[in-house]
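Trainee: Please find one structure pasted underneath; my questions will follow.
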Amino acid sequence: MYVRRSAAVLAATVVIGAAAPAVAADPTPSASPSQAFPAALYGGTDPTYDGVWRQSLALLAQDTVAVKPASKSVDWLLGQQCANGAFAPYRADTSTACDAKTMIDTNSTAAAVQALAALGGHDTATGKAVSWLKSVQNKDGGWGYAAGGASDANSTSVVIGALASVGEKPAEVVKGGKGGKGGKSPYDALLKLALPCDGDGAGAFAFQPDKKGALSANADATAAAVLGALGKGMPVEAGKPASADCTDAGDRTPEQAAANGAAYLAQALAKDGHLTSAMPGAEDQPDYGNTADAVVALAAQGSAEAARKPLRWLERNSAQWAAKSGPAAYAQLILAAHATGTDPRDFGGTDLVEQLNATGPAPQSAAGGPGTASAKASEQEDDDNGGVSVWWIVGVGLVAGIGVGFLISGRNKGK
């Protein structure tokens, strides 16, 4: 399961430089009346396992819609970083330095890097974090959730996104440094987890090999790995239309592996428009988070048509899930909307931006979209001043458009 969406499910006790076996945890623990979490934190549930993850997603999503978050929210995220550069999922007391008992992990660290890089002005923090990530890269080129843990598709992909967000070239990030003899890149690790185009799960990615080394298709890992193989982070623009066919012809490149993964997702979504939860012991039910991730992956790879049906399904059905799940869920949907050119302020009748902002501190500024209160207020102000500002700009735009045709958005509705 992609830790970015539900860190508690993959909760692991991680110490600086070492890792312990994973432990089970409630994926959405609620806060008791006696618990008081930081006012700067998004969401009201126990942040022990996903504090940094959901904060990072919230800040990333706000950035994509031109919302400037509260300074204290950014400061809180920065405060979760340890001296070695890694981020803990949640440090209740940041006045105490990280030690061997402090939980740190690659997913929290990579998500924080992506958020801070998007906001800008935090090069020192992101530089230290990236240095730590490089220091715990596995020999196969990938990363596990815990430093030193076996590489998995999800963790490797979110780290690739972090590297790309700060201008690194993932293909050149190899254990032992660039040009290291026999060094493997993150793409090498992902390609080892890609299934061939024949047999069950054709084109998909596995989370990890099983004990016998066999690969099993995993939709969550596939959605993550498509972005990773494309060298992209969580916020993406729609890719140029591309073939959704699965093929093993020639040497498999990361780009072809991404196309194969998209083909698998398209087929998995074609019938019902959503993915189904595969959590052990749980009844079959729609998997909203993975469906949103799949929409983003399809859009990024250029499979806009395949993304349309699951996007519509999310618009119709995701409101209750997002309200229950909190900021990370709203962020996922906003990132999906962003990837496909959908208005997140009118997502199936829900203003996702307003809902996300309401889960944390009031942002410094929130750009108004069409139909929002701030946009209407601005229009009214222009009307009161004779309508010069808005309509003059519109008129200039129309004149400028004469002779150049219609402007067509290359993006479709997203995650």
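Labels for the structure tokens follow display order: chains A, B, ..., residues from 1 in each chain, ligands from 1.
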Excluding His274 (chain A) and any residue of its chain fewer than 3 positions from it, enumerate the residues within 7 Å of it, using only C-alpha atoms, and give them as a count of residues only.
Mentor: 5
Trainee: To test your reading of the structure, identify every residue in region 259-366 of chain A that backbone DSSP assigns to helix (DSSP H, G or I), and report it as a ChimeraX atom specification.
Mentor: /A:259-270,288-301,304-317,319-325,327-340,344-346,352-357
Trainee: Write out as a list in words which residues come within 9 Å of region 89-93 of chain A when counting only C-alpha atoms, dropping same-chain ones fewer than 2 positions away.
Mentor: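 Listed by chain and then number, they are Ala7, Phe37, Pro38, Pro47, Thr48, Tyr49, Asp50, Gly51, Val52, Trp53, Gly79, Gln80, Gln81, Phe87, Ser95, Thr96, Ala97, Cys98, Thr102, Met103, Ile104, Asp105, Asn107, Ser108 and Thr109 of chain A.
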Trainee: So that I have them on file, write out the residues from the current selection with C-alpha atoms, as a tab-separated table (two decimals), in the first residue's frame.
Mentor:
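The resulting result.tsv:
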chain	number	residue	atom	x	y	z
A	7	ALA	CA	1.04	5.68	6.55
A	37	PHE	CA	-2.46	18.11	18.68
A	38	PRO	CA	-0.60	21.14	17.33
A	47	PRO	CA	-0.64	12.02	13.66
A	48	THR	CA	1.77	9.43	15.08
A	49	TYR	CA	2.15	7.59	11.79
A	50	ASP	CA	1.08	10.09	9.15
A	51	GLY	CA	1.55	13.62	10.49
A	52	VAL	CA	4.28	14.67	8.07
A	53	TRP	CA	2.68	12.79	5.20
A	79	GLY	CA	10.29	21.22	12.81
A	80	GLN	CA	9.75	17.52	12.19
A	81	GLN	CA	13.16	17.17	10.54
A	87	PHE	CA	11.84	13.43	8.76
A	95	SER	CA	12.73	20.66	21.52
A	96	THR	CA	14.29	17.24	22.07
A	97	ALA	CA	16.79	16.09	19.46
A	98	CYS	CA	16.12	12.93	17.47
A	102	THR	CA	12.94	8.39	16.91
A	103	MET	CA	10.85	6.97	14.09
A	104	ILE	CA	12.04	8.18	10.69
A	105	ASP	CA	11.24	6.87	7.23
A	107	ASN	CA	8.24	8.22	2.69
A	108	SER	CA	7.75	11.03	5.20
A	109	THR	CA	11.12	12.48	4.21
Trainee: Go through region 177-276 of chain A residue by residue and, counting only C-alpha atoms, keep those with an atom at most 9 Å from region 320-340 of chain A; for each kept residue give the shortest atom pair and its distance in Å to one decimal, ordered by chain and increasing number, as a Markdown table.
Mentor:
| residue | atom | partner | partner_atom | distance |
| --- | --- | --- | --- | --- |
| A:Met234 | CA | A:Leu335 | CA | 7.4 |
| A:Pro235 | CA | A:Leu335 | CA | 5.9 |
| A:Val236 | CA | A:Ala339 | CA | 5.3 |
| A:Glu237 | CA | A:Ala339 | CA | 4.8 |
| A:Ala238 | CA | A:Ala339 | CA | 5.4 |
| A:Gly239 | CA | A:Ala339 | CA | 8.9 |
Trainee: Output N, CA and C atoms for every residue in that selection, as a short mmCIF file (atom, residue, chain, number, x, y, z; two decimals), in the first residue's frame.
Mentor:
data_model
loop_
_atom_site.label_atom_id
_atom_site.label_comp_id
_atom_site.auth_asym_id
_atom_site.auth_seq_id
_atom_site.Cartn_x
_atom_site.Cartn_y
_atom_site.Cartn_z
N MET A 234 4.35 14.01 -7.03
CA MET A 234 2.90 13.87 -6.88
C MET A 234 2.09 14.87 -7.70
N PRO A 235 2.45 16.16 -7.72
CA PRO A 235 1.71 17.08 -8.59
C PRO A 235 2.21 16.90 -10.03
N VAL A 236 1.31 16.61 -10.94
CA VAL A 236 1.72 16.40 -12.34
C VAL A 236 0.79 17.16 -13.27
N GLU A 237 1.31 17.47 -14.44
CA GLU A 237 0.50 17.97 -15.54
C GLU A 237 0.19 16.77 -16.44
N ALA A 238 -0.89 16.88 -17.20
CA ALA A 238 -1.24 15.79 -18.09
C ALA A 238 -0.17 15.60 -19.16
N GLY A 239 0.19 14.35 -19.41
CA GLY A 239 1.18 14.06 -20.41
C GLY A 239 0.59 14.12 -21.81
#
Trainee: Can you pull out every residue within 10 Å of region 124-141 of chain A, counting only C-alpha atoms, but drop anything in the same chain fewer than 3 positions away, and send it as a PyMOL selection string?
Mentor: chain A and resi 17-18+78+81-87+105-107+109-110+112-117+120-121+144+146-151+156+159+162-163+165-166+168+170-171+173-177+182-190+192
Trainee: Using only C-alpha atoms for the distances, tell me which of A:Gln285, A:Gln301, A:Asn357, A:Asn218 is nearest to Ala268 (chain A).
Mentor: A:Asn218
Trainee: Considering only C-alpha atoms, return as a ChimeraX atom specification whatever protein or nucleic-acid residues lie within 10 Å of Gln256 (chain A), sequence-local ones (same chain, fewer than 5 positions apart) excluded.
Mentor: /A:191,203,226,229-230,243-251,261-262
Trainee: In Å to one decimal, how far is CA of Gly348 (chain A) from CA of Tyr288 (chain A)?
Mentor: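 Computing the Euclidean distance for CA of Tyr288 (chain A) and CA of Gly348 (chain A) yields 14.5 Å.
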Trainee: A:Thr64, A:Thr350, A:Ala294, A:Ala362: which is nearest Arg316 (chain A), counting only C-alpha atoms?
Mentor: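 With only C-alpha atoms as the atom set, the closest residue is A:Thr350.
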Trainee: For the atom pair CA of Leu314 (chain A) and CA of Asn290 (chain A), what is the interatomic distance in Å to one decimal place?
Mentor: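 Between CA of Leu314 (chain A) and CA of Asn290 (chain A) the gap works out to 10.9 Å.
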